[in-house]
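Asks: Contents of upload24.csv (CSV, C-alpha atoms) are given next:
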```csv
chain,number,residue,atom,x,y,z
A,3,MET,CA,48.6,48.3,100.6
A,4,LEU,CA,45.0,48.2,99.2
A,5,GLU,CA,42.8,51.0,100.5
A,6,GLY,CA,39.1,50.4,101.0
A,7,LYS,CA,36.5,52.6,102.6
A,8,LEU,CA,36.6,50.8,105.9
A,9,VAL,CA,39.6,48.6,105.7
A,10,ARG,CA,43.1,48.3,104.4
A,11,LEU,CA,44.4,45.1,103.0
A,12,ARG,CA,48.1,44.4,103.5
A,13,ALA,CA,50.6,41.6,103.3
A,14,ILE,CA,50.4,39.0,106.0
A,15,GLU,CA,53.1,39.3,108.8
A,16,PRO,CA,54.4,36.6,111.1
A,17,GLU,CA,52.8,38.3,114.1
A,18,ASP,CA,49.4,38.0,112.6
A,19,ARG,CA,49.6,34.2,113.2
A,20,ALA,CA,48.7,34.3,116.9
A,21,ARG,CA,45.5,36.1,116.2
A,22,ALA,CA,44.7,33.7,113.3
A,23,ALA,CA,45.3,30.8,115.6
A,24,ALA,CA,42.8,32.3,118.2
A,25,TRP,CA,40.2,32.9,115.5
A,26,LEU,CA,40.6,29.3,114.2
A,27,SER,CA,40.0,27.9,117.6
A,28,ASP,CA,36.6,29.6,117.7
A,29,PRO,CA,33.8,27.3,116.4
A,30,GLU,CA,31.6,30.4,115.7
A,31,VAL,CA,34.3,31.5,113.2
A,32,THR,CA,35.2,28.1,111.7
A,33,ARG,CA,31.6,26.7,111.2
A,34,TYR,CA,31.5,28.6,107.9
A,35,LEU,CA,35.0,27.7,106.8
A,36,THR,CA,36.4,24.6,105.2
A,37,TYR,CA,38.9,24.6,108.1
A,38,ARG,CA,38.3,21.4,110.1
A,39,TYR,CA,41.2,19.9,112.1
A,40,PRO,CA,42.4,21.8,115.2
A,41,SER,CA,45.8,23.2,114.7
A,42,SER,CA,47.7,25.3,117.2
A,43,ASP,CA,49.6,27.7,115.0
A,44,GLY,CA,47.3,29.5,112.6
A,45,ASP,CA,49.1,27.9,109.7
A,46,TRP,CA,45.9,27.8,107.7
A,47,MET,CA,45.9,31.6,107.5
A,48,ALA,CA,49.7,32.0,107.2
A,49,GLY,CA,49.6,33.0,103.6
A,50,PRO,CA,51.3,31.7,100.4
A,51,PRO,CA,54.5,29.8,100.1
A,52,GLY,CA,56.0,32.6,98.1
A,53,PRO,CA,55.3,36.1,97.0
A,54,ASN,CA,51.7,37.3,96.2
A,55,GLY,CA,50.9,36.9,92.5
A,56,TYR,CA,49.4,34.6,89.9
A,57,ALA,CA,51.6,31.7,90.9
A,58,ASN,CA,50.9,31.6,94.7
A,59,GLY,CA,47.7,33.6,94.8
A,60,VAL,CA,47.2,36.7,96.9
A,61,TRP,CA,46.9,36.5,100.6
A,62,LEU,CA,46.3,39.7,102.7
A,63,SER,CA,45.4,40.7,106.2
A,64,ILE,CA,42.4,42.9,106.8
A,65,ASP,CA,43.1,45.9,109.0
A,66,THR,CA,40.6,48.6,110.0
A,67,HIS,CA,41.7,52.1,109.3
A,68,ALA,CA,42.5,52.4,113.0
A,69,GLY,CA,45.0,49.6,112.4
A,70,GLU,CA,43.3,46.7,114.1
A,71,HIS,CA,43.8,43.3,112.5
A,72,ILE,CA,40.4,41.7,112.1
A,73,GLY,CA,40.8,39.0,109.4
A,74,ALA,CA,42.2,37.9,106.1
A,75,VAL,CA,41.2,37.6,102.4
A,76,ASN,CA,42.7,35.7,99.6
A,77,LEU,CA,42.5,35.0,95.9
A,78,HIS,CA,43.5,31.4,95.3
A,79,ARG,CA,43.4,29.1,92.3
A,80,VAL,CA,44.4,31.9,90.1
A,81,HIS,CA,44.2,30.7,86.5
A,82,TYR,CA,46.5,32.3,83.9
A,83,GLU,CA,44.6,31.5,80.7
A,84,ASP,CA,41.0,31.7,82.0
A,85,ARG,CA,41.9,34.8,84.0
A,86,LYS,CA,39.9,33.8,87.0
A,87,ALA,CA,40.5,33.3,90.7
A,88,ALA,CA,38.6,32.0,93.8
A,89,LEU,CA,38.0,34.4,96.7
A,90,GLY,CA,38.1,33.5,100.3
A,91,ILE,CA,37.6,35.6,103.4
A,92,VAL,CA,37.6,35.3,107.2
A,93,VAL,CA,36.6,38.0,109.6
A,94,GLY,CA,37.8,36.5,112.8
A,95,ALA,CA,37.2,39.5,115.1
A,96,LYS,CA,33.5,38.9,115.8
A,97,SER,CA,32.8,42.4,117.1
A,98,TYR,CA,33.2,43.5,113.4
A,99,TRP,CA,30.6,41.2,112.0
A,100,GLY,CA,27.6,42.7,110.4
A,101,LYS,CA,29.1,46.1,110.0
A,102,GLY,CA,30.3,46.1,106.4
A,103,PHE,CA,34.0,45.4,107.0
A,104,GLY,CA,33.9,42.0,105.2
A,105,GLY,CA,31.9,43.5,102.3
A,106,ASP,CA,34.4,46.3,102.0
A,107,ALA,CA,37.3,43.9,102.1
A,108,VAL,CA,35.7,41.8,99.3
A,109,LEU,CA,35.1,44.9,97.1
A,110,THR,CA,38.6,46.1,97.7
A,111,LEU,CA,40.1,42.8,96.8
A,112,ALA,CA,37.8,42.4,93.7
A,113,ARG,CA,38.9,45.9,92.5
A,114,PHE,CA,42.6,44.7,92.8
A,115,ALA,CA,41.7,41.5,91.0
A,116,PHE,CA,40.2,43.3,88.0
A,117,ASP,CA,42.1,46.5,87.9
A,118,GLU,CA,45.6,45.3,88.8
A,119,MET,CA,45.7,41.6,88.1
A,120,ASN,CA,43.6,41.9,85.0
A,121,LEU,CA,41.4,39.0,85.9
A,122,ASN,CA,38.0,38.5,84.1
A,123,ARG,CA,36.2,36.5,86.7
A,124,VAL,CA,36.2,36.1,90.5
A,125,TRP,CA,34.2,33.2,92.1
A,126,LEU,CA,33.5,31.7,95.4
A,127,THR,CA,31.5,29.0,97.2
A,128,VAL,CA,29.6,29.6,100.4
A,129,VAL,CA,27.6,27.2,102.6
A,130,GLU,CA,23.9,27.5,101.8
A,131,ASP,CA,22.8,28.5,105.3
A,132,HIS,CA,25.2,31.5,105.6
A,133,ALA,CA,22.6,34.0,104.6
A,134,ALA,CA,24.6,37.0,105.8
A,135,ALA,CA,27.6,36.1,103.6
A,136,ILE,CA,25.4,35.4,100.6
A,137,ALA,CA,23.6,38.8,101.0
A,138,CYS,CA,27.0,40.5,101.4
A,139,TYR,CA,28.4,38.9,98.2
A,140,LYS,CA,25.2,39.9,96.3
A,141,ARG,CA,25.6,43.5,97.5
A,142,GLY,CA,29.1,43.3,96.1
A,143,GLY,CA,27.8,42.2,92.7
A,144,PHE,CA,28.3,38.5,92.9
A,145,GLN,CA,25.6,36.4,91.2
A,146,GLU,CA,24.4,33.0,92.2
A,147,GLU,CA,25.5,30.5,89.6
A,148,ALA,CA,25.1,27.1,91.0
A,149,ARG,CA,23.9,25.0,93.9
A,150,LEU,CA,26.4,22.2,94.6
A,151,ARG,CA,24.4,19.6,96.3
A,152,GLN,CA,25.9,17.8,99.4
A,153,GLU,CA,29.2,19.5,98.6
A,154,VAL,CA,30.7,19.4,102.1
A,155,TYR,CA,30.2,17.3,105.2
A,156,ARG,CA,30.1,19.3,108.4
A,157,ASP,CA,28.5,18.8,111.8
A,158,GLY,CA,27.1,15.4,111.0
A,159,ARG,CA,25.5,16.0,107.7
A,160,PHE,CA,26.1,16.9,104.1
A,161,LEU,CA,25.6,20.6,103.2
A,162,ASP,CA,24.8,22.3,99.9
A,163,PHE,CA,27.1,25.1,98.8
A,164,VAL,CA,26.2,28.0,96.6
A,165,GLN,CA,28.7,29.0,94.0
A,166,MET,CA,28.7,32.7,93.0
A,167,GLY,CA,30.7,34.7,90.5
A,168,ILE,CA,31.3,38.2,89.3
A,169,LEU,CA,32.7,39.3,85.9
A,170,ARG,CA,34.9,42.2,85.3
A,171,ARG,CA,32.3,44.2,83.3
A,172,GLU,CA,29.7,43.6,86.0
A,173,PHE,CA,32.1,44.9,88.7
A,174,GLU,CA,32.8,48.0,86.6
A,175,ALA,CA,29.1,48.7,86.0
A,176,LEU,CA,28.6,48.4,89.8
A,177,ILE,CA,31.4,50.8,90.6
A,178,SER,CA,30.3,53.4,88.0
A,179,LYS,CA,26.8,53.4,89.6
A,180,GLY,CA,28.4,54.1,92.9
A,181,GLY,CA,27.6,50.7,94.3
A,182,SER,CA,31.1,50.3,95.7
A,183,ASP,CA,30.0,51.4,99.1
A,184,ALA,CA,28.0,48.2,99.7
B,25,MET,CA,39.6,-4.6,86.1
B,26,LEU,CA,36.1,-2.9,86.2
B,27,GLU,CA,33.7,-4.6,83.9
B,28,GLY,CA,30.9,-2.7,82.1
B,29,LYS,CA,28.6,-3.8,79.3
B,30,LEU,CA,30.6,-2.4,76.4
B,31,VAL,CA,33.9,-1.6,78.0
B,32,ASN,CA,36.3,-2.7,80.7
B,33,LEU,CA,38.3,-0.2,82.8
B,34,ARG,CA,41.9,-1.2,83.5
B,35,PRO,CA,45.0,0.5,84.8
B,36,LEU,CA,47.1,2.5,82.4
B,37,GLU,CA,50.2,0.7,81.1
B,38,ARG,CA,53.5,2.0,79.7
B,39,ASP,CA,52.7,0.6,76.3
B,40,ASP,CA,49.6,2.9,76.1
B,41,LEU,CA,52.1,5.7,75.4
B,42,ASP,CA,51.7,5.9,71.6
B,43,ARG,CA,47.9,6.3,71.8
B,44,GLU,CA,48.0,8.7,74.8
B,45,PHE,CA,50.6,10.9,72.9
B,46,GLN,CA,48.4,11.0,69.9
B,47,TRP,CA,45.2,11.8,71.8
B,48,VAL,CA,46.5,14.6,74.0
B,49,ASN,CA,47.9,16.4,70.9
B,50,ASP,CA,44.7,16.0,68.8
B,51,THR,CA,42.8,19.3,69.0
B,52,ASP,CA,39.6,17.6,68.0
B,53,VAL,CA,39.9,15.8,71.4
B,54,THR,CA,41.5,18.5,73.6
B,55,ARG,CA,39.1,21.3,72.6
B,56,TYR,CA,36.6,19.7,74.9
B,57,LEU,CA,39.1,19.2,77.7
B,58,GLY,CA,41.1,21.5,80.0
B,59,MET,CA,44.3,20.7,78.0
B,60,ARG,CA,45.9,23.4,75.8
B,61,TYR,CA,49.6,23.1,75.5
B,62,PRO,CA,51.3,20.6,73.1
B,63,VAL,CA,52.8,17.7,75.0
B,64,SER,CA,56.0,15.9,74.0
B,65,LYS,CA,56.3,12.2,73.8
B,66,ALA,CA,58.9,12.3,76.5
B,67,GLN,CA,56.6,14.3,78.8
B,68,GLU,CA,53.7,11.9,78.1
B,69,GLU,CA,56.0,9.0,78.9
B,70,GLN,CA,57.1,10.5,82.1
B,71,TRP,CA,53.5,11.1,83.1
B,72,LEU,CA,52.6,7.5,82.4
B,73,ASN,CA,55.7,6.2,84.2
B,74,SER,CA,55.5,8.4,87.3
B,75,ARG,CA,51.8,8.0,88.0
B,76,PRO,CA,51.2,7.0,91.6
B,77,ALA,CA,49.0,4.0,92.4
B,78,ASN,CA,45.3,4.5,92.0
B,79,ASP,CA,43.8,5.5,95.3
B,80,PHE,CA,41.0,7.5,96.9
B,81,GLY,CA,42.5,10.8,95.9
B,82,ASN,CA,43.2,10.0,92.3
B,83,THR,CA,42.3,7.1,90.0
B,84,ALA,CA,43.0,7.0,86.3
B,85,LEU,CA,41.9,4.0,84.1
B,86,ALA,CA,42.1,3.0,80.5
B,87,ILE,CA,38.8,2.4,78.7
B,88,GLU,CA,39.0,-0.8,76.6
B,89,THR,CA,36.3,-2.3,74.4
B,90,LYS,CA,35.4,-5.9,75.0
B,91,ASP,CA,37.7,-6.6,72.0
B,92,GLY,CA,40.6,-5.1,73.9
B,93,VAL,CA,40.8,-1.9,71.9
B,94,HIS,CA,42.0,1.0,74.1
B,95,ILE,CA,39.8,3.9,73.1
B,96,GLY,CA,40.3,6.5,75.9
B,97,ASN,CA,40.8,7.2,79.6
B,98,ILE,CA,38.5,7.9,82.5
B,99,GLY,CA,39.3,9.0,86.1
B,100,LEU,CA,38.2,10.3,89.5
B,101,HIS,CA,40.2,13.2,90.9
B,102,GLU,CA,40.3,15.5,93.9
B,103,GLY,CA,38.9,12.8,96.1
B,104,GLN,CA,38.1,14.3,99.5
B,105,PRO,CA,37.6,11.7,102.3
B,106,GLU,CA,35.6,13.9,104.7
B,107,ASN,CA,33.2,15.2,102.0
B,108,ARG,CA,33.3,11.8,100.2
B,109,LYS,CA,33.2,13.4,96.8
B,110,ALA,CA,35.4,13.4,93.7
B,111,SER,CA,35.4,14.9,90.3
B,112,LEU,CA,35.1,12.8,87.1
B,113,GLY,CA,37.0,13.3,83.9
B,114,ILE,CA,36.7,11.3,80.7
B,115,MET,CA,38.4,11.4,77.2
B,116,ILE,CA,37.4,9.2,74.3
B,117,GLY,CA,40.6,9.7,72.3
B,118,ASP,CA,39.7,7.3,69.4
B,119,LYS,CA,37.2,9.3,67.4
B,120,ASP,CA,35.9,6.2,65.7
B,121,TYR,CA,34.2,5.3,69.0
B,122,TRP,CA,32.4,8.6,69.6
B,123,SER,CA,28.6,8.6,70.0
B,124,ASN,CA,28.3,4.8,70.3
B,125,GLY,CA,27.6,4.5,74.1
B,126,TYR,CA,31.1,3.6,75.1
B,127,GLY,CA,31.6,6.8,77.1
B,128,THR,CA,28.2,6.3,78.8
B,129,ASP,CA,29.0,2.8,79.8
B,130,ALA,CA,32.5,3.7,81.0
B,131,ILE,CA,31.0,6.5,83.2
B,132,VAL,CA,28.3,4.3,84.7
B,133,THR,CA,30.9,1.6,85.4
B,134,LEU,CA,33.2,4.1,87.1
B,135,LEU,CA,30.3,5.6,89.1
B,136,ARG,CA,29.4,2.2,90.4
B,137,PHE,CA,33.0,1.7,91.5
B,138,ALA,CA,33.0,5.2,93.1
B,139,PHE,CA,29.8,4.6,95.1
B,140,HIS,CA,30.0,0.9,95.8
B,141,GLU,CA,33.8,0.4,96.4
B,142,MET,CA,35.2,3.8,97.2
B,143,ASN,CA,32.1,4.8,99.3
B,144,MET,CA,31.8,8.2,97.7
B,145,ASN,CA,28.6,10.2,98.3
B,146,ARG,CA,28.9,12.7,95.4
B,147,VAL,CA,30.7,12.8,92.0
B,148,TRP,CA,30.8,16.1,90.1
B,149,LEU,CA,32.2,17.5,86.9
B,150,HIS,CA,32.5,20.6,84.8
B,151,VAL,CA,31.7,20.5,81.1
B,152,TYR,CA,31.9,23.3,78.5
B,153,ALA,CA,28.4,24.6,77.8
B,154,PHE,CA,28.9,24.1,74.0
B,155,ASN,CA,29.7,20.4,74.5
B,156,GLU,CA,26.0,19.3,74.2
B,157,ARG,CA,26.8,15.7,73.3
B,158,ALA,CA,28.7,15.3,76.5
B,159,ILE,CA,26.0,17.0,78.6
B,160,ALA,CA,23.4,14.7,77.1
B,161,CYS,CA,25.6,11.7,78.0
B,162,TYR,CA,26.2,12.9,81.6
B,163,LYS,CA,22.4,13.3,82.0
B,164,LYS,CA,21.8,9.8,80.7
B,165,CYS,CA,24.2,8.6,83.4
B,166,GLY,CA,22.2,10.4,86.0
B,167,PHE,CA,24.1,13.6,86.5
B,168,VAL,CA,22.0,16.7,87.3
B,169,ILE,CA,22.8,20.2,86.1
B,170,GLU,CA,23.6,22.2,89.2
B,171,GLY,CA,24.4,25.6,87.6
B,172,THR,CA,26.2,27.6,85.0
B,173,LEU,CA,29.6,29.1,85.7
B,174,ARG,CA,29.8,32.2,83.6
B,175,GLU,CA,32.9,32.8,81.5
B,176,ASN,CA,34.6,30.0,83.4
B,177,SER,CA,37.1,29.2,80.7
B,178,TYR,CA,38.9,30.9,77.8
B,179,ARG,CA,39.1,28.8,74.7
B,180,GLU,CA,39.3,29.4,71.0
B,181,GLY,CA,39.3,33.2,71.3
B,182,ARG,CA,36.4,33.7,73.7
B,183,TYR,CA,35.2,33.1,77.2
B,184,ILE,CA,32.9,30.2,77.5
B,185,ASP,CA,30.5,29.1,80.2
B,186,ALA,CA,30.9,25.8,82.1
B,187,ILE,CA,28.0,23.7,83.2
B,188,THR,CA,28.6,22.1,86.7
B,189,MET,CA,26.9,18.8,87.2
B,190,GLY,CA,26.7,16.3,90.1
B,191,ILE,CA,25.3,12.9,91.0
B,192,LEU,CA,24.6,11.7,94.5
B,193,ARG,CA,24.9,8.1,95.7
B,194,ALA,CA,21.1,7.9,96.3
B,195,GLU,CA,20.4,9.1,92.8
B,196,PHE,CA,22.8,6.5,91.3
B,197,GLU,CA,21.2,3.7,93.3
B,198,SER,CA,17.7,4.6,92.2
B,199,LEU,CA,18.8,4.8,88.5
B,200,HIS,CA,21.0,1.8,88.3
B,201,ALA,CA,19.9,-1.2,90.2
B,202,LYS,CA,22.8,-3.0,91.8
B,203,GLY,CA,24.9,-5.1,89.5
B,204,GLU,CA,23.3,-3.7,86.3
B,205,SER,CA,24.9,-1.3,83.8
B,206,ASP,CA,21.9,-0.6,81.7
B,207,ALA,CA,22.5,3.1,81.0
```
Take the structure in the file and give it back as structure tokens.
Replies:
Amino acid sequence: MLEGKLVRLRAIEPEDRARAAAWLSDPEVTRYLTYRYPSSDGDWMAGPPGPNGYANGVWLSIDTHAGEHIGAVNLHRVHYEDRKAALGIVVGAKSYWGKGFGGDAVLTLARFAFDEMNLNRVWLTVVEDHAAAIACYKRGGFQEEARLRQEVYRDGRFLDFVQMGILRREFEALISKGGSDA
Amino acid sequence: MLEGKLVNLRPLERDDLDREFQWVNDTDVTRYLGMRYPVSKAQEEQWLNSRPANDFGNTALAIETKDGVHIGNIGLHEGQPENRKASLGIMIGDKDYWSNGYGTDAIVTLLRFAFHEMNMNRVWLHVYAFNERAIACYKKCGFVIEGTLRENSYREGRYIDAITMGILRAEFESLHAKGESDA
């Protein structure tokens, strides 16, 4: 269990799947994801094929401190030698959007990535027009590193994606300044 | 067979093994690539023999000079049909052929295939920031620098940045008139 200020990150359980399936059937949720084809079972958020770790990545459900399951985060493409991983997040419970829960989940997972997994770099890509997410990642210390032109085709057109990254020393500087409550 | 001006691109064959084995174990070659661990001849042979047919998701080709000398490999990987993009990788394993335009011609030839036959919209790649010769070559082919991925890789005792580059179909068309390979 990873404790944040607003959320707790815990291993994914089979009963999370029905909620995941409901979120993934909501176009307001999926428009910012790479999820595309309708699927009835929430498999896309079911977690890794084996235990959490370098080999399978880390897949966790996001609970509020009151115990409500509101989404999921993951570290995928974990690279042993380069000590880096990609971060993904879905907050499916829309009533929790814009209130800092996603940002707290990102910081909590980044802390785990650096302090427990001993990674050096965490990166992500986000669709260019998702301003709220980009602002959230910036508050969490991520820097814009690249603009991937026409990276993804959605909704009848090619969209640019922004690639962002945070290094371990940047995260530690942010935490020591008390910025962890972004 | 894909025909360029200086090179042809052809499928990999089993009797390419000796050269492949030598190249993937040559640190002068692999220090620019994602490869790290020594590869046995048996492993390299298995890789050559078990390769699936070239298709949208993955294509790997041998680069041959017009005299029939196999000098390296080039490929398109991670092909995504919805996003119509793929990543490009190239290795000139025969060091005698470095810096003579063979890589550039191979890339332009494969890009033409990617855009005109595979119907890709975007081809991208990552290159170590210290590999200035490669970056200049990619620029000559029409790739645009899209950003710098900080400390993206660990090689030779330090973290190094990667440059991410991309070329769009429309950019390729305006640079390279149809049927020409004048890069």
Asks: Could you pull out every residue with an atom within 7 Å of (27.0, 13.7, 97.6), file coordinates, counting only C-alpha atoms, and send them as an NGL selection string?
Replies: (:A and (151-153)) or (:B and (109 or 145-147 or 191-193))
Asks: Between CA of Val75 (chain A) and CA of Tyr39 (chain A), what is the distance, to one decimal in Å?
Replies: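 Rounded to one decimal, the two atoms are 20.2 Å apart.
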Asks: If we count all atoms listed in the file, which residues of chain B reach to within 12 Å of chain A? Please list them as a ChimeraX atom specification.
Replies: /B:58-61,104-111,144-150,167-195
Asks: Excluding Cys165 (chain B) and residues on its chain fewer than 3 positions from it, collect all residues at most 10 Å away from it, counting all atoms listed in the file, and give them as a VMD selection string.
Replies: chain B and resid 127 to 133 135 159 to 162 168 191 196 199 to 200 205 to 207
Asks: Give me the residues within 8 Å of Trp25 (chain A) as a list in words, counting only C-alpha atoms and dropping any in the same chain fewer than 5 places off.
Replies: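 After dropping sequence-adjacent residues, the list is Val31, Thr32, Gly94 and Ala95 of chain A.
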Asks: Could you save those same residues with C-alpha atoms as a tab-separated table (two decimals), in the coordinates of the input?
Replies:
```tsv
chain	number	residue	atom	x	y	z
A	31	VAL	CA	34.30	31.50	113.20
A	32	THR	CA	35.20	28.10	111.70
A	94	GLY	CA	37.80	36.50	112.80
A	95	ALA	CA	37.20	39.50	115.10
```
